[in-house]
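Below is query30.pdb, holding PDB, C-alpha atoms.
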```pdb
ATOM      1  CA  MET Z 166     169.764  49.236  55.129  1.00  0.00           C
ATOM      2  CA  PHE Z 167     166.478  48.790  53.234  1.00  0.00           C
ATOM      3  CA  SER Z 168     165.397  45.831  51.174  1.00  0.00           C
ATOM      4  CA  VAL Z 169     165.353  45.923  47.409  1.00  0.00           C
ATOM      5  CA  GLN Z 170     161.595  45.424  47.585  1.00  0.00           C
ATOM      6  CA  ALA Z 171     161.092  48.458  49.869  1.00  0.00           C
ATOM      7  CA  THR Z 172     163.253  50.620  47.605  1.00  0.00           C
ATOM      8  CA  PHE Z 173     161.369  49.377  44.544  1.00  0.00           C
ATOM      9  CA  ARG Z 174     157.980  50.186  46.104  1.00  0.00           C
ATOM     10  CA  VAL Z 175     159.100  53.715  47.010  1.00  0.00           C
ATOM     11  CA  ASN Z 176     160.531  54.262  43.528  1.00  0.00           C
ATOM     12  CA  GLN Z 177     157.228  53.111  42.012  1.00  0.00           C
ATOM     13  CA  LEU Z 178     155.356  55.568  44.195  1.00  0.00           C
ATOM     14  CA  ILE Z 179     157.685  58.408  43.178  1.00  0.00           C
ATOM     15  CA  GLN Z 180     157.201  57.550  39.505  1.00  0.00           C
ATOM     16  CA  SER Z 181     153.425  57.610  39.880  1.00  0.00           C
ATOM     17  CA  GLU Z 182     153.462  60.702  42.136  1.00  0.00           C
ATOM     18  CA  PRO Z 183     156.250  63.005  40.861  1.00  0.00           C
ATOM     19  CA  ARG Z 184     155.522  65.595  43.556  1.00  0.00           C
ATOM     20  CA  ILE Z 185     156.740  63.072  46.162  1.00  0.00           C
ATOM     21  CA  GLY Z 186     160.040  62.921  44.268  1.00  0.00           C
ATOM     22  CA  GLU Z 187     160.297  66.706  44.375  1.00  0.00           C
ATOM     23  CA  ILE Z 188     159.616  66.742  48.114  1.00  0.00           C
ATOM     24  CA  VAL Z 189     162.224  64.078  48.944  1.00  0.00           C
ATOM     25  CA  SER Z 190     164.780  65.887  46.781  1.00  0.00           C
ATOM     26  CA  ILE Z 191     164.298  68.936  49.024  1.00  0.00           C
ATOM     27  CA  GLU Z 192     164.411  66.887  52.256  1.00  0.00           C
ATOM     28  CA  PRO Z 193     166.245  63.568  51.619  1.00  0.00           C
ATOM     29  CA  VAL Z 194     165.543  62.137  55.078  1.00  0.00           C
ATOM     30  CA  LEU Z 195     161.934  61.723  53.937  1.00  0.00           C
ATOM     31  CA  LEU Z 196     163.078  59.192  51.346  1.00  0.00           C
ATOM     32  CA  ASP Z 197     164.499  57.012  54.113  1.00  0.00           C
ATOM     33  CA  LEU Z 198     161.312  57.375  56.152  1.00  0.00           C
ATOM     34  CA  LEU Z 199     159.251  56.280  53.147  1.00  0.00           C
ATOM     35  CA  LYS Z 200     161.562  53.297  52.649  1.00  0.00           C
ATOM     36  CA  LEU Z 201     161.176  52.493  56.331  1.00  0.00           C
ATOM     37  CA  ALA Z 202     157.396  52.481  55.899  1.00  0.00           C
ATOM     38  CA  ALA Z 203     157.696  50.250  52.834  1.00  0.00           C
ATOM     39  CA  SER Z 204     159.947  47.809  54.691  1.00  0.00           C
ATOM     40  CA  GLN Z 205     157.470  47.120  57.502  1.00  0.00           C
ATOM     41  CA  ASP Z 206     155.693  43.769  57.474  1.00  0.00           C
ATOM     42  CA  CYS Z 207     153.822  43.649  60.757  1.00  0.00           C
ATOM     43  CA  ARG Z 208     150.252  44.339  59.749  1.00  0.00           C
ATOM     44  CA  SER Z 209     148.872  43.961  63.248  1.00  0.00           C
ATOM     45  CA  GLU Z 210     150.848  47.009  64.431  1.00  0.00           C
ATOM     46  CA  ARG Z 211     150.045  49.181  61.431  1.00  0.00           C
ATOM     47  CA  TRP Z 212     148.429  51.936  63.484  1.00  0.00           C
ATOM     48  CA  GLN Z 213     151.463  52.308  65.768  1.00  0.00           C
ATOM     49  CA  LEU Z 214     153.787  52.296  62.754  1.00  0.00           C
ATOM     50  CA  TYR Z 215     151.665  54.931  61.018  1.00  0.00           C
ATOM     51  CA  GLU Z 216     151.446  57.223  64.048  1.00  0.00           C
ATOM     52  CA  THR Z 217     155.167  57.026  64.792  1.00  0.00           C
ATOM     53  CA  LEU Z 218     156.197  57.714  61.212  1.00  0.00           C
ATOM     54  CA  LYS Z 219     153.616  60.494  60.880  1.00  0.00           C
ATOM     55  CA  ARG Z 220     154.952  62.222  63.996  1.00  0.00           C
ATOM     56  CA  THR Z 221     158.511  61.856  62.756  1.00  0.00           C
ATOM     57  CA  CYS Z 222     157.669  63.252  59.311  1.00  0.00           C
ATOM     58  CA  SER Z 223     156.030  66.273  60.919  1.00  0.00           C
ATOM     59  CA  HIS Z 224     159.535  67.490  61.801  1.00  0.00           C
ATOM     60  CA  PHE Z 225     160.364  67.739  58.103  1.00  0.00           C
ATOM     61  CA  VAL Z 226     157.099  68.716  56.355  1.00  0.00           C
ATOM     62  CA  GLY Z 227     154.222  70.952  57.339  1.00  0.00           C
ATOM     63  CA  TRP Z 228     154.338  73.860  59.745  1.00  0.00           C
ATOM     64  CA  ASN Z 229     157.303  72.464  61.706  1.00  0.00           C
ATOM     65  CA  ALA Z 230     159.541  71.991  58.661  1.00  0.00           C
ATOM     66  CA  SER Z 231     162.847  73.838  58.720  1.00  0.00           C
ATOM     67  CA  LYS Z 232     162.790  74.386  54.951  1.00  0.00           C
ATOM     68  CA  PRO Z 233     160.259  77.075  53.939  1.00  0.00           C
ATOM     69  CA  GLU Z 234     159.206  75.303  50.732  1.00  0.00           C
ATOM     70  CA  LEU Z 235     157.996  72.348  52.829  1.00  0.00           C
ATOM     71  CA  GLN Z 236     156.061  74.435  55.362  1.00  0.00           C
ATOM     72  CA  ASN Z 237     152.587  73.919  54.013  1.00  0.00           C
ATOM     73  CA  PRO Z 238     149.780  71.497  54.758  1.00  0.00           C
ATOM     74  CA  GLY Z 239     149.590  70.221  51.172  1.00  0.00           C
ATOM     75  CA  VAL Z 240     153.150  68.877  51.330  1.00  0.00           C
ATOM     76  CA  TYR Z 241     152.453  67.336  54.729  1.00  0.00           C
ATOM     77  CA  CYS Z 242     149.327  65.605  53.409  1.00  0.00           C
ATOM     78  CA  GLN Z 243     151.166  64.223  50.391  1.00  0.00           C
ATOM     79  CA  ILE Z 244     153.877  62.645  52.548  1.00  0.00           C
ATOM     80  CA  ILE Z 245     151.360  61.249  55.042  1.00  0.00           C
ATOM     81  CA  GLU Z 246     149.325  59.741  52.194  1.00  0.00           C
ATOM     82  CA  ALA Z 247     152.531  58.195  50.836  1.00  0.00           C
ATOM     83  CA  LEU Z 248     153.241  56.640  54.243  1.00  0.00           C
ATOM     84  CA  ASP Z 249     149.728  55.266  54.348  1.00  0.00           C
ATOM     85  CA  THR Z 250     150.165  53.772  50.884  1.00  0.00           C
ATOM     86  CA  LEU Z 251     153.490  52.135  51.741  1.00  0.00           C
ATOM     87  CA  LEU Z 252     152.634  50.645  55.125  1.00  0.00           C
ATOM     88  CA  PRO Z 253     151.298  47.078  55.162  1.00  0.00           C
ATOM     89  CA  THR Z 254     147.549  46.721  54.917  1.00  0.00           C
ATOM     90  CA  PRO Z 255     145.821  44.700  57.634  1.00  0.00           C
ATOM     91  CA  GLU Z 256     143.588  42.693  55.314  1.00  0.00           C
ATOM     92  CA  LEU Z 257     146.470  40.967  53.520  1.00  0.00           C
ATOM     93  CA  ASP Z 258     147.676  37.492  54.433  1.00  0.00           C
ATOM     94  CA  GLY Z 259     151.261  36.565  55.175  1.00  0.00           C
ATOM     95  CA  GLU Z 260     152.039  37.955  58.593  1.00  0.00           C
ATOM     96  CA  THR Z 261     155.741  37.506  59.070  1.00  0.00           C
ATOM     97  CA  MET Z 262     156.099  39.134  62.479  1.00  0.00           C
ATOM     98  CA  GLU Z 263     152.895  38.032  64.201  1.00  0.00           C
ATOM     99  CA  ASP Z 264     154.846  36.032  66.738  1.00  0.00           C
ATOM    100  CA  LEU Z 265     156.524  39.218  67.983  1.00  0.00           C
ATOM    101  CA  ASN Z 266     154.818  41.124  70.737  1.00  0.00           C
ATOM    102  CA  ARG Z 267     153.863  44.758  70.357  1.00  0.00           C
ATOM    103  CA  GLU Z 268     156.792  46.065  72.417  1.00  0.00           C
ATOM    104  CA  VAL Z 269     159.338  44.344  70.171  1.00  0.00           C
ATOM    105  CA  VAL Z 270     157.730  45.757  67.019  1.00  0.00           C
ATOM    106  CA  VAL Z 271     157.540  49.264  68.456  1.00  0.00           C
ATOM    107  CA  GLN Z 272     161.135  49.137  69.707  1.00  0.00           C
ATOM    108  CA  ARG Z 273     162.397  48.038  66.296  1.00  0.00           C
ATOM    109  CA  LEU Z 274     160.544  50.916  64.676  1.00  0.00           C
ATOM    110  CA  ARG Z 275     161.902  53.422  67.209  1.00  0.00           C
ATOM    111  CA  ASP Z 276     165.439  52.160  66.633  1.00  0.00           C
ATOM    112  CA  ALA Z 277     165.043  52.537  62.870  1.00  0.00           C
ATOM    113  CA  VAL Z 278     163.604  56.048  63.177  1.00  0.00           C
ATOM    114  CA  ILE Z 279     166.437  57.116  65.484  1.00  0.00           C
ATOM    115  CA  ARG Z 280     169.007  55.799  62.985  1.00  0.00           C
ATOM    116  CA  ILE Z 281     167.373  57.834  60.205  1.00  0.00           C
ATOM    117  CA  CYS Z 282     166.558  60.955  62.257  1.00  0.00           C
ATOM    118  CA  PRO Z 283     168.946  61.120  65.219  1.00  0.00           C
ATOM    119  CA  THR Z 284     167.820  64.636  66.135  1.00  0.00           C
ATOM    120  CA  VAL Z 285     164.218  63.552  66.795  1.00  0.00           C
ATOM    121  CA  GLN Z 286     163.717  63.116  70.507  1.00  0.00           C
ATOM    122  CA  LEU Z 287     162.728  59.596  71.584  1.00  0.00           C
ATOM    123  CA  GLN Z 288     159.787  60.789  73.696  1.00  0.00           C
ATOM    124  CA  GLU Z 289     158.395  62.492  70.584  1.00  0.00           C
ATOM    125  CA  ILE Z 290     158.057  59.126  68.847  1.00  0.00           C
ATOM    126  CA  ALA Z 291     157.199  57.065  71.899  1.00  0.00           C
ATOM    127  CA  GLY Z 292     153.502  57.034  71.028  1.00  0.00           C
TER     128      GLY Z 292
END
```
Translate this structure into structure tokens?
Amino acid sequence: MFSVQATFRVNQLIQSEPRIGEIVSIEPVLLDLLKLAASQDCRSERWQLYETLKRTCSHFVGWNASKPELQNPGVYCQIIEALDTLLPTPELDGETMEDLNREVVVQRLRDAVIRICPTVQLQEIAG
């Protein structure tokens, strides 16, 4: 489902930030969300990607987490910082999806999030 490059980038992050590895071992869906962030290549829609993934992650870390060990703001911040690190940066060259309009990009992201987290309500990630 995810590219080798996306998986590699997430694995590198986990190696450099072992706490991220601990968090995703407690809540494995977060690993897929991080890989989803790493697989994005539309820099022009970075903000929408970030906000959607941040909202989705808030179901699994922070005060809304179902697992008590993930119900703290420090864990939430670590995952959000990881998302920020993995998403494409706007100042880089090489747009590969610039020809797509915003609605197409957002719909693709929503579809991917729903595949990973089917219990998250669509209106919650609508932006």
Explicit residues for the PyMOL selection byres ((chain Z and resi 177) around 12) (as a PyMOL selection string) | chain Z and resi 170-176+178-183+185-186+199-200+203+247+250-251
In file coordinates, which residues lie within 12 Å of (158.0, 65.3, 61.5) using all atoms listed in the file, given as number ranges by chain?
-> Z: 192, 194-195, 198, 216-231, 235-236, 240-242, 244-245, 278, 282, 284-286, 289-290
Record the distance separating atom CA of Pro233 of chain Z and atom CA of Ile191 of chain Z, expressed in Å with one decimal.
->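 Going from atom CA of Pro233 of chain Z over to atom CA of Ile191 of chain Z, I get 10.3 Å.
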Separation of atom CA of Pro238 of chain Z and atom CA of Ile279 of chain Z, in Å?
->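 Separation of atom CA of Pro238 of chain Z and atom CA of Ile279 of chain Z: 24.5 Å.
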To one decimal in Å, tell me the separation between atom CA of Thr254 of chain Z and atom CA of Pro193 of chain Z.
-> 25.4 Å
Kindly compute an axis-aligned box around the listed atoms of segment 207-212 of chain Z, allowing 6 Å on each side, and express its centre and edge lengths in Å to one decimal as JSON.
```
{"center_x": 151.1, "center_y": 47.8, "center_z": 62.1, "size_x": 17.4, "size_y": 20.3, "size_z": 16.7}
```
Excluding same-chain residues fewer than 5 positions from Asp197 of chain Z, what lies within 9 Å of it counting all atoms listed in the file, as number ranges by chain?
-> Z: 167, 202, 281
Option closest in space to Arg211 of chain Z, from Z:Gly239, Z:Gln272, Z:Ser168, Z:Leu252 [counting all atoms listed in the file] =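 The answer is Z:Leu252, which sits nearest to Arg211 of chain Z.
Considering only C-alpha atoms, the residue among Z:Arg280, Z:Leu274, Z:Glu234, Z:Pro253 positioned nearest to Cys207 of chain Z is Z:Pro253.
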Save C-alpha atoms of segment 206-259 of chain Z from the block above as a PDB file, in the first residue's frame.
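Contents of the output file result-v5.pdb:
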```pdb
ATOM      1  CA  ASP Z 206       4.065  14.447  -2.853  1.00  0.00           C
ATOM      2  CA  CYS Z 207       1.754  17.391  -3.393  1.00  0.00           C
ATOM      3  CA  ARG Z 208       3.593  20.249  -1.754  1.00  0.00           C
ATOM      4  CA  SER Z 209       1.011  22.846  -2.693  1.00  0.00           C
ATOM      5  CA  GLU Z 210      -1.611  21.128  -0.507  1.00  0.00           C
ATOM      6  CA  ARG Z 211       0.677  20.544   2.457  1.00  0.00           C
ATOM      7  CA  TRP Z 212      -1.485  22.497   4.890  1.00  0.00           C
ATOM      8  CA  GLN Z 213      -4.619  20.489   4.053  1.00  0.00           C
ATOM      9  CA  LEU Z 214      -2.655  17.238   4.307  1.00  0.00           C
ATOM     10  CA  TYR Z 215      -1.220  18.286   7.669  1.00  0.00           C
ATOM     11  CA  GLU Z 216      -4.565  19.354   9.135  1.00  0.00           C
ATOM     12  CA  THR Z 217      -6.364  16.207   7.996  1.00  0.00           C
ATOM     13  CA  LEU Z 218      -3.691  13.872   9.320  1.00  0.00           C
ATOM     14  CA  LYS Z 219      -3.413  15.842  12.567  1.00  0.00           C
ATOM     15  CA  ARG Z 220      -7.162  15.565  13.157  1.00  0.00           C
ATOM     16  CA  THR Z 221      -7.077  11.859  12.383  1.00  0.00           C
ATOM     17  CA  CYS Z 222      -4.141  11.229  14.730  1.00  0.00           C
ATOM     18  CA  SER Z 223      -5.978  13.013  17.531  1.00  0.00           C
ATOM     19  CA  HIS Z 224      -8.262   9.966  17.741  1.00  0.00           C
ATOM     20  CA  PHE Z 225      -5.285   7.820  18.721  1.00  0.00           C
ATOM     21  CA  VAL Z 226      -2.968  10.096  20.752  1.00  0.00           C
ATOM     22  CA  GLY Z 227      -3.610  12.879  23.218  1.00  0.00           C
ATOM     23  CA  TRP Z 228      -6.690  13.345  25.353  1.00  0.00           C
ATOM     24  CA  ASN Z 229      -8.974  11.469  22.934  1.00  0.00           C
ATOM     25  CA  ALA Z 230      -6.815   8.335  22.778  1.00  0.00           C
ATOM     26  CA  SER Z 231      -8.489   5.104  23.830  1.00  0.00           C
ATOM     27  CA  LYS Z 232      -5.256   3.720  25.293  1.00  0.00           C
ATOM     28  CA  PRO Z 233      -4.355   5.406  28.611  1.00  0.00           C
ATOM     29  CA  GLU Z 234      -0.601   5.392  27.943  1.00  0.00           C
ATOM     30  CA  LEU Z 235      -1.197   7.592  24.877  1.00  0.00           C
ATOM     31  CA  GLN Z 236      -3.484  10.087  26.625  1.00  0.00           C
ATOM     32  CA  ASN Z 237      -1.004  12.860  27.187  1.00  0.00           C
ATOM     33  CA  PRO Z 238      -0.037  15.984  25.289  1.00  0.00           C
ATOM     34  CA  GLY Z 239       3.629  14.983  25.007  1.00  0.00           C
ATOM     35  CA  VAL Z 240       2.756  11.891  22.961  1.00  0.00           C
ATOM     36  CA  TYR Z 241       0.398  13.943  20.805  1.00  0.00           C
ATOM     37  CA  CYS Z 242       3.109  16.533  20.137  1.00  0.00           C
ATOM     38  CA  GLN Z 243       5.649  13.875  19.197  1.00  0.00           C
ATOM     39  CA  ILE Z 244       3.325  12.325  16.610  1.00  0.00           C
ATOM     40  CA  ILE Z 245       2.319  15.712  15.190  1.00  0.00           C
ATOM     41  CA  GLU Z 246       5.983  16.712  14.887  1.00  0.00           C
ATOM     42  CA  ALA Z 247       6.646  13.414  13.098  1.00  0.00           C
ATOM     43  CA  LEU Z 248       3.835  14.169  10.637  1.00  0.00           C
ATOM     44  CA  ASP Z 249       5.283  17.601  10.035  1.00  0.00           C
ATOM     45  CA  THR Z 250       8.706  16.088   9.387  1.00  0.00           C
ATOM     46  CA  LEU Z 251       7.369  13.500   6.939  1.00  0.00           C
ATOM     47  CA  LEU Z 252       5.061  15.687   4.868  1.00  0.00           C
ATOM     48  CA  PRO Z 253       6.540  17.315   1.758  1.00  0.00           C
ATOM     49  CA  THR Z 254       8.069  20.728   2.254  1.00  0.00           C
ATOM     50  CA  PRO Z 255       6.799  23.534   0.025  1.00  0.00           C
ATOM     51  CA  GLU Z 256      10.207  24.963  -0.841  1.00  0.00           C
ATOM     52  CA  LEU Z 257      11.418  21.824  -2.626  1.00  0.00           C
ATOM     53  CA  ASP Z 258      11.269  21.411  -6.390  1.00  0.00           C
ATOM     54  CA  GLY Z 259       9.737  18.466  -8.191  1.00  0.00           C
TER      55      GLY Z 259
END
```
